[in-house]
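Asks: Data: data.pdb, PDB, C-alpha atoms.
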ATOM      1  CA  MET A   1     -72.649 356.367 104.437  1.00  0.00           C
ATOM      2  CA  HIS A   2     -74.151 359.250 106.408  1.00  0.00           C
ATOM      3  CA  VAL A   3     -74.972 362.664 104.899  1.00  0.00           C
ATOM      4  CA  LEU A   4     -74.154 365.664 107.047  1.00  0.00           C
ATOM      5  CA  SER A   5     -76.923 368.257 106.685  1.00  0.00           C
ATOM      6  CA  HIS A   6     -74.609 371.143 107.610  1.00  0.00           C
ATOM      7  CA  LYS A   7     -72.194 370.202 104.801  1.00  0.00           C
ATOM      8  CA  LEU A   8     -75.051 369.710 102.346  1.00  0.00           C
ATOM      9  CA  ALA A   9     -76.387 373.170 103.248  1.00  0.00           C
ATOM     10  CA  GLU A  10     -72.993 374.754 102.532  1.00  0.00           C
ATOM     11  CA  PHE A  11     -72.724 373.125  99.110  1.00  0.00           C
ATOM     12  CA  LEU A  12     -76.318 373.937  98.173  1.00  0.00           C
ATOM     13  CA  VAL A  13     -75.876 377.581  99.153  1.00  0.00           C
ATOM     14  CA  ASP A  14     -72.713 377.759  97.053  1.00  0.00           C
ATOM     15  CA  ARG A  15     -74.437 376.279  93.987  1.00  0.00           C
ATOM     16  CA  ILE A  16     -77.743 378.137  94.244  1.00  0.00           C
ATOM     17  CA  ASN A  17     -76.116 381.528  94.898  1.00  0.00           C
ATOM     18  CA  GLU A  18     -74.463 381.233  91.483  1.00  0.00           C
ATOM     19  CA  ARG A  19     -77.848 381.261  89.730  1.00  0.00           C
ATOM     20  CA  VAL A  20     -80.437 382.892  91.993  1.00  0.00           C
ATOM     21  CA  PRO A  21     -81.409 386.405  90.848  1.00  0.00           C
ATOM     22  CA  ALA A  22     -80.310 389.487  92.764  1.00  0.00           C
ATOM     23  CA  PRO A  23     -81.023 390.719  95.372  1.00  0.00           C
ATOM     24  CA  PHE A  24     -81.259 387.200  96.828  1.00  0.00           C
ATOM     25  CA  VAL A  25     -78.391 385.629  98.733  1.00  0.00           C
ATOM     26  CA  LEU A  26     -78.478 382.292 100.529  1.00  0.00           C
ATOM     27  CA  ARG A  27     -76.483 381.577 103.674  1.00  0.00           C
ATOM     28  CA  ALA A  28     -75.846 378.274 105.432  1.00  0.00           C
ATOM     29  CA  ASP A  29     -76.208 378.059 109.191  1.00  0.00           C
ATOM     30  CA  ASN A  30     -75.679 374.685 110.882  1.00  0.00           C
ATOM     31  CA  GLY A  31     -77.773 372.665 108.431  1.00  0.00           C
ATOM     32  CA  ARG A  32     -80.311 375.403 107.776  1.00  0.00           C
ATOM     33  CA  VAL A  33     -80.455 377.677 104.759  1.00  0.00           C
ATOM     34  CA  HIS A  34     -81.403 381.338 105.141  1.00  0.00           C
ATOM     35  CA  VAL A  35     -82.671 383.237 102.103  1.00  0.00           C
ATOM     36  CA  HIS A  36     -82.064 386.983 102.236  1.00  0.00           C
ATOM     37  CA  ALA A  37     -83.005 389.849  99.957  1.00  0.00           C
ATOM     38  CA  GLY A  38     -80.657 392.596 101.033  1.00  0.00           C
ATOM     39  CA  ASP A  39     -80.935 392.879 104.810  1.00  0.00           C
ATOM     40  CA  GLU A  40     -84.355 391.229 104.897  1.00  0.00           C
ATOM     41  CA  LEU A  41     -84.710 387.553 105.815  1.00  0.00           C
ATOM     42  CA  TRP A  42     -87.314 385.937 103.554  1.00  0.00           C
ATOM     43  CA  PHE A  43     -87.066 382.259 104.456  1.00  0.00           C
ATOM     44  CA  VAL A  44     -85.285 379.733 106.684  1.00  0.00           C
ATOM     45  CA  SER A  45     -85.190 376.106 105.580  1.00  0.00           C
ATOM     46  CA  HIS A  46     -85.017 373.390 108.218  1.00  0.00           C
ATOM     47  CA  GLY A  47     -85.792 370.609 105.724  1.00  0.00           C
ATOM     48  CA  LEU A  48     -82.242 369.453 105.100  1.00  0.00           C
ATOM     49  CA  SER A  49     -82.267 367.678 108.451  1.00  0.00           C
ATOM     50  CA  ILE A  50     -84.189 364.805 106.849  1.00  0.00           C
ATOM     51  CA  VAL A  51     -80.918 363.584 105.366  1.00  0.00           C
ATOM     52  CA  ASP A  52     -79.669 362.962 108.918  1.00  0.00           C
ATOM     53  CA  GLU A  53     -82.600 360.677 109.776  1.00  0.00           C
ATOM     54  CA  ASP A  54     -82.924 356.978 108.992  1.00  0.00           C
ATOM     55  CA  ASP A  55     -86.626 356.895 108.159  1.00  0.00           C
ATOM     56  CA  GLY A  56     -86.695 353.822 105.947  1.00  0.00           C
ATOM     57  CA  ARG A  57     -86.012 355.691 102.703  1.00  0.00           C
ATOM     58  CA  THR A  58     -82.750 355.261 100.847  1.00  0.00           C
ATOM     59  CA  LEU A  59     -80.028 357.876 101.084  1.00  0.00           C
ATOM     60  CA  GLY A  60     -80.783 358.921  97.514  1.00  0.00           C
ATOM     61  CA  GLN A  61     -84.482 359.383  98.263  1.00  0.00           C
ATOM     62  CA  ARG A  62     -83.777 361.515 101.327  1.00  0.00           C
ATOM     63  CA  LEU A  63     -81.210 363.629  99.475  1.00  0.00           C
ATOM     64  CA  GLU A  64     -83.461 364.167  96.473  1.00  0.00           C
ATOM     65  CA  THR A  65     -86.414 365.128  98.676  1.00  0.00           C
ATOM     66  CA  ALA A  66     -84.357 367.591 100.730  1.00  0.00           C
ATOM     67  CA  VAL A  67     -82.763 369.244  97.701  1.00  0.00           C
ATOM     68  CA  ARG A  68     -86.050 369.540  95.788  1.00  0.00           C
ATOM     69  CA  ALA A  69     -87.735 371.016  98.857  1.00  0.00           C
ATOM     70  CA  LEU A  70     -85.061 373.689  99.179  1.00  0.00           C
ATOM     71  CA  LEU A  71     -85.182 374.510  95.465  1.00  0.00           C
ATOM     72  CA  ASN A  72     -88.991 374.764  95.666  1.00  0.00           C
ATOM     73  CA  SER A  73     -88.724 377.133  98.633  1.00  0.00           C
ATOM     74  CA  VAL A  74     -86.168 379.342  96.886  1.00  0.00           C
ATOM     75  CA  GLN A  75     -88.402 379.398  93.819  1.00  0.00           C
ATOM     76  CA  ASP A  76     -91.424 380.403  95.917  1.00  0.00           C
ATOM     77  CA  VAL A  77     -89.511 383.248  97.573  1.00  0.00           C
ATOM     78  CA  VAL A  78     -88.220 384.614  94.258  1.00  0.00           C
ATOM     79  CA  MET A  79     -91.689 384.473  92.711  1.00  0.00           C
ATOM     80  CA  ARG A  80     -93.290 386.218  95.711  1.00  0.00           C
ATOM     81  CA  HIS A  81     -90.653 388.950  95.597  1.00  0.00           C
ATOM     82  CA  PHE A  82     -90.826 389.656  91.860  1.00  0.00           C
ATOM     83  CA  HIS A  83     -94.504 388.690  91.285  1.00  0.00           C
ATOM     84  CA  ILE A  84     -93.523 386.568  88.278  1.00  0.00           C
ATOM     85  CA  GLN A  85     -93.029 382.908  87.454  1.00  0.00           C
ATOM     86  CA  TRP A  86     -89.360 381.917  87.937  1.00  0.00           C
ATOM     87  CA  PRO A  87     -87.659 380.243  86.251  1.00  0.00           C
ATOM     88  CA  THR A  88     -89.628 379.575  83.103  1.00  0.00           C
ATOM     89  CA  ASP A  89     -88.959 377.447  80.058  1.00  0.00           C
ATOM     90  CA  SER A  90     -89.055 378.706  76.476  1.00  0.00           C
ATOM     91  CA  SER A  91     -92.875 378.377  76.397  1.00  0.00           C
ATOM     92  CA  GLY A  92     -93.233 380.507  79.548  1.00  0.00           C
ATOM     93  CA  SER A  93     -94.190 377.551  81.753  1.00  0.00           C
ATOM     94  CA  LEU A  94     -92.834 377.307  85.257  1.00  0.00           C
ATOM     95  CA  ALA A  95     -89.750 375.068  85.466  1.00  0.00           C
ATOM     96  CA  VAL A  96     -90.060 372.625  88.360  1.00  0.00           C
ATOM     97  CA  ALA A  97     -87.287 371.741  90.789  1.00  0.00           C
ATOM     98  CA  GLY A  98     -85.439 368.490  90.236  1.00  0.00           C
ATOM     99  CA  ALA A  99     -82.757 366.526  92.056  1.00  0.00           C
ATOM    100  CA  ARG A 100     -81.158 363.139  91.587  1.00  0.00           C
ATOM    101  CA  MET A 101     -78.374 361.203  93.237  1.00  0.00           C
ATOM    102  CA  THR A 102     -76.365 359.589  90.465  1.00  0.00           C
ATOM    103  CA  GLY A 103     -73.373 357.546  91.476  1.00  0.00           C
ATOM    104  CA  ASP A 104     -71.067 359.802  93.432  1.00  0.00           C
ATOM    105  CA  PHE A 105     -72.903 363.073  92.784  1.00  0.00           C
ATOM    106  CA  VAL A 106     -76.091 364.965  93.549  1.00  0.00           C
ATOM    107  CA  ASP A 107     -77.514 366.715  90.492  1.00  0.00           C
ATOM    108  CA  LEU A 108     -79.945 369.619  90.854  1.00  0.00           C
ATOM    109  CA  TRP A 109     -81.853 371.731  88.358  1.00  0.00           C
ATOM    110  CA  TYR A 110     -85.036 373.532  87.407  1.00  0.00           C
ATOM    111  CA  GLY A 111     -86.811 372.058  84.399  1.00  0.00           C
ATOM    112  CA  PRO A 112     -88.605 368.949  83.183  1.00  0.00           C
ATOM    113  CA  SER A 113     -85.446 366.822  83.397  1.00  0.00           C
ATOM    114  CA  GLU A 114     -81.691 367.075  83.769  1.00  0.00           C
ATOM    115  CA  GLU A 115     -81.327 366.935  79.999  1.00  0.00           C
ATOM    116  CA  ARG A 116     -83.855 369.725  79.438  1.00  0.00           C
ATOM    117  CA  ALA A 117     -82.989 371.898  82.440  1.00  0.00           C
ATOM    118  CA  VAL A 118     -83.748 375.607  82.287  1.00  0.00           C
ATOM    119  CA  ILE A 119     -81.251 376.156  85.111  1.00  0.00           C
ATOM    120  CA  ARG A 120     -78.673 373.514  85.929  1.00  0.00           C
ATOM    121  CA  PHE A 121     -76.499 373.823  89.014  1.00  0.00           C
ATOM    122  CA  ARG A 122     -73.031 372.408  89.503  1.00  0.00           C
ATOM    123  CA  GLN A 123     -73.070 368.862  90.873  1.00  0.00           C
ATOM    124  CA  ILE A 124     -72.412 368.215  94.528  1.00  0.00           C
ATOM    125  CA  PRO A 125     -69.810 365.484  95.140  1.00  0.00           C
ATOM    126  CA  LEU A 126     -71.342 363.000  97.565  1.00  0.00           C
ATOM    127  CA  LYS A 127     -68.008 362.409  99.295  1.00  0.00           C
ATOM    128  CA  GLN A 128     -67.929 366.100 100.254  1.00  0.00           C
ATOM    129  CA  VAL A 129     -71.205 365.912 102.221  1.00  0.00           C
ATOM    130  CA  THR A 130     -70.871 362.505 103.886  1.00  0.00           C
ATOM    131  CA  SER A 131     -68.957 361.058 106.789  1.00  0.00           C
TER
END
Using structure tokens, write down the structure from this file.
Replies:
Amino acid sequence: MHVLSHKLAEFLVDRINERVPAPFVLRADNGRVHVHAGDELWFVSHGLSIVDEDDGRTLGQRLETAVRALLNSVQDVVMRHFHIQWPTDSSGSLAVAGARMTGDFVDLWYGPSEERAVIRFRQIPLKQVTS
């Protein structure tokens, strides 16, 4: 099974745009993710390309690393823009990015675990991002 970074980018943009605060909008571009605030480009992620490489890690490890890296980058951009911690849990602590490949899906969230997520995103069906 081979993950296509351009398909993964499209699905991640779709999921993250549902929960990222305004004025941010993510756009997919050939395996890269662009993070915009209005007309201003704040970040371009090239990290999803690691899912295309066979570097000795399992598919799940590469997917989880790529997704967490993107979520971390989005989090950094939002925090720089608003000058606040985002997102936070009920105690006010920063919620960390998480990702896991479980069976036929990729799960992604911010929080200490999937079960205790502060923000949970819709799953990505693995069959939709593989060839």
Asks: Can you measure CA of Ala95 (chain A) to CA of Leu71 (chain A) for me? One decimal in Å is fine.
Replies: 11.0 Å
Asks: Please produce, as a tab-separated table, a per-residue contact table for region 48-116 of chain A versus region 11-18 of chain A (criterion: any atom at most 9 Å away, only C-alpha atoms considered), showing the nearest atom pair and its distance in Å to one decimal, sorted by chain then residue number.
Replies:
residue	atom	partner	partner_atom	distance
A:Val67	CA	A:Leu12	CA	8.0
A:Leu70	CA	A:Leu12	CA	8.8
A:Leu71	CA	A:Ile16	CA	8.4
A:Val74	CA	A:Ile16	CA	8.9
Asks: Run through the PyMOL selection byres ((chain A and resi 30-45) around 12) on the given coordinates and return the selected residues as a ChimeraX atom specification.
Replies: /A:3-14,16-17,20-29,46-52,66-82,129
Asks: Kindly indicate which residue among A:Pro112, A:Gly98, A:Gly92, A:Gly60 lies nearest to His2 (chain A), using all atoms listed in the file for the distances.
Replies: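 Smallest separation from His2 (chain A) among the options: A:Gly60.
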Asks: To box region 89-99 of chain A, take all atoms listed in the file, fit an axis-aligned box, add 4 Å on each side, and give centre and edge lengths in Å to one decimal, as JSON.
Replies:
{"center_x": -88.5, "center_y": 373.5, "center_z": 84.2, "size_x": 19.4, "size_y": 22.0, "size_z": 23.7}
Asks: Suppose you want the space between CA of Asp104 (chain A) and CA of Thr65 (chain A); what is it in Å?
Replies: 17.1 Å
Asks: Compare A:Ile84, A:Leu63, A:Ala99, A:Val106 by their minimum atom-to-atom distance to Lys127 (chain A), counting all atoms listed in the file, and give me the closest one.
Replies: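 Counting all atoms listed in the file, the residue closest to Lys127 (chain A) is A:Val106.
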Asks: Using Å and a single decimal, report how far CA of Leu108 (chain A) sits from CA of Arg120 (chain A).
Replies: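 That distance, rounded to one decimal, is 6.4 Å.
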Asks: Would you kindly return, as number ranges by chain, each protein, DNA or RNA residue with an atom no farther than 9 Å from any atom of Leu94 (chain A), considering all atoms listed in the file and excluding same-chain residues fewer than 4 positions away?
Replies: A: 85-89, 110-111
Asks: Taking N, CA and C atoms as the atom set, what does region 101-115 of chain A look like once completed, written as a PDB file, keeping the file's coordinate frame?
Replies:
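Once everything was written out, this is selection-v5.pdb:
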ATOM      1  N   MET A 101     -79.678 361.723  92.835  1.00  0.00           N
ATOM      2  CA  MET A 101     -78.374 361.203  93.237  1.00  0.00           C
ATOM      3  C   MET A 101     -77.965 360.188  92.177  1.00  0.00           C
ATOM      4  N   THR A 102     -76.863 360.481  91.510  1.00  0.00           N
ATOM      5  CA  THR A 102     -76.365 359.589  90.465  1.00  0.00           C
ATOM      6  C   THR A 102     -74.926 359.225  90.791  1.00  0.00           C
ATOM      7  N   GLY A 103     -74.725 357.978  91.146  1.00  0.00           N
ATOM      8  CA  GLY A 103     -73.373 357.546  91.476  1.00  0.00           C
ATOM      9  C   GLY A 103     -72.815 358.316  92.636  1.00  0.00           C
ATOM     10  N   ASP A 104     -71.768 359.064  92.387  1.00  0.00           N
ATOM     11  CA  ASP A 104     -71.067 359.802  93.432  1.00  0.00           C
ATOM     12  C   ASP A 104     -71.428 361.279  93.492  1.00  0.00           C
ATOM     13  N   PHE A 105     -72.542 361.659  92.861  1.00  0.00           N
ATOM     14  CA  PHE A 105     -72.903 363.073  92.784  1.00  0.00           C
ATOM     15  C   PHE A 105     -74.387 363.283  93.039  1.00  0.00           C
ATOM     16  N   VAL A 106     -74.709 364.514  93.462  1.00  0.00           N
ATOM     17  CA  VAL A 106     -76.091 364.965  93.549  1.00  0.00           C
ATOM     18  C   VAL A 106     -76.261 366.018  92.455  1.00  0.00           C
ATOM     19  N   ASP A 107     -77.205 365.776  91.562  1.00  0.00           N
ATOM     20  CA  ASP A 107     -77.514 366.715  90.492  1.00  0.00           C
ATOM     21  C   ASP A 107     -78.758 367.498  90.882  1.00  0.00           C
ATOM     22  N   LEU A 108     -78.789 368.790  90.544  1.00  0.00           N
ATOM     23  CA  LEU A 108     -79.945 369.619  90.854  1.00  0.00           C
ATOM     24  C   LEU A 108     -80.183 370.607  89.729  1.00  0.00           C
ATOM     25  N   TRP A 109     -81.477 370.899  89.496  1.00  0.00           N
ATOM     26  CA  TRP A 109     -81.853 371.731  88.358  1.00  0.00           C
ATOM     27  C   TRP A 109     -83.282 372.227  88.518  1.00  0.00           C
ATOM     28  N   TYR A 110     -83.650 373.156  87.633  1.00  0.00           N
ATOM     29  CA  TYR A 110     -85.036 373.532  87.407  1.00  0.00           C
ATOM     30  C   TYR A 110     -85.341 373.173  85.959  1.00  0.00           C
ATOM     31  N   GLY A 111     -86.412 372.447  85.748  1.00  0.00           N
ATOM     32  CA  GLY A 111     -86.811 372.058  84.399  1.00  0.00           C
ATOM     33  C   GLY A 111     -87.457 370.694  84.408  1.00  0.00           C
ATOM     34  N   PRO A 112     -87.907 370.234  83.243  1.00  0.00           N
ATOM     35  CA  PRO A 112     -88.605 368.949  83.183  1.00  0.00           C
ATOM     36  C   PRO A 112     -87.693 367.743  83.435  1.00  0.00           C
ATOM     37  N   SER A 113     -86.412 367.909  83.178  1.00  0.00           N
ATOM     38  CA  SER A 113     -85.446 366.822  83.397  1.00  0.00           C
ATOM     39  C   SER A 113     -84.044 367.425  83.405  1.00  0.00           C
ATOM     40  N   GLU A 114     -83.084 366.606  83.800  1.00  0.00           N
ATOM     41  CA  GLU A 114     -81.691 367.075  83.769  1.00  0.00           C
ATOM     42  C   GLU A 114     -81.292 367.476  82.356  1.00  0.00           C
ATOM     43  N   GLU A 115     -81.709 366.687  81.400  1.00  0.00           N
ATOM     44  CA  GLU A 115     -81.327 366.935  79.999  1.00  0.00           C
ATOM     45  C   GLU A 115     -81.969 368.191  79.430  1.00  0.00           C
TER      46      GLU A 115
END
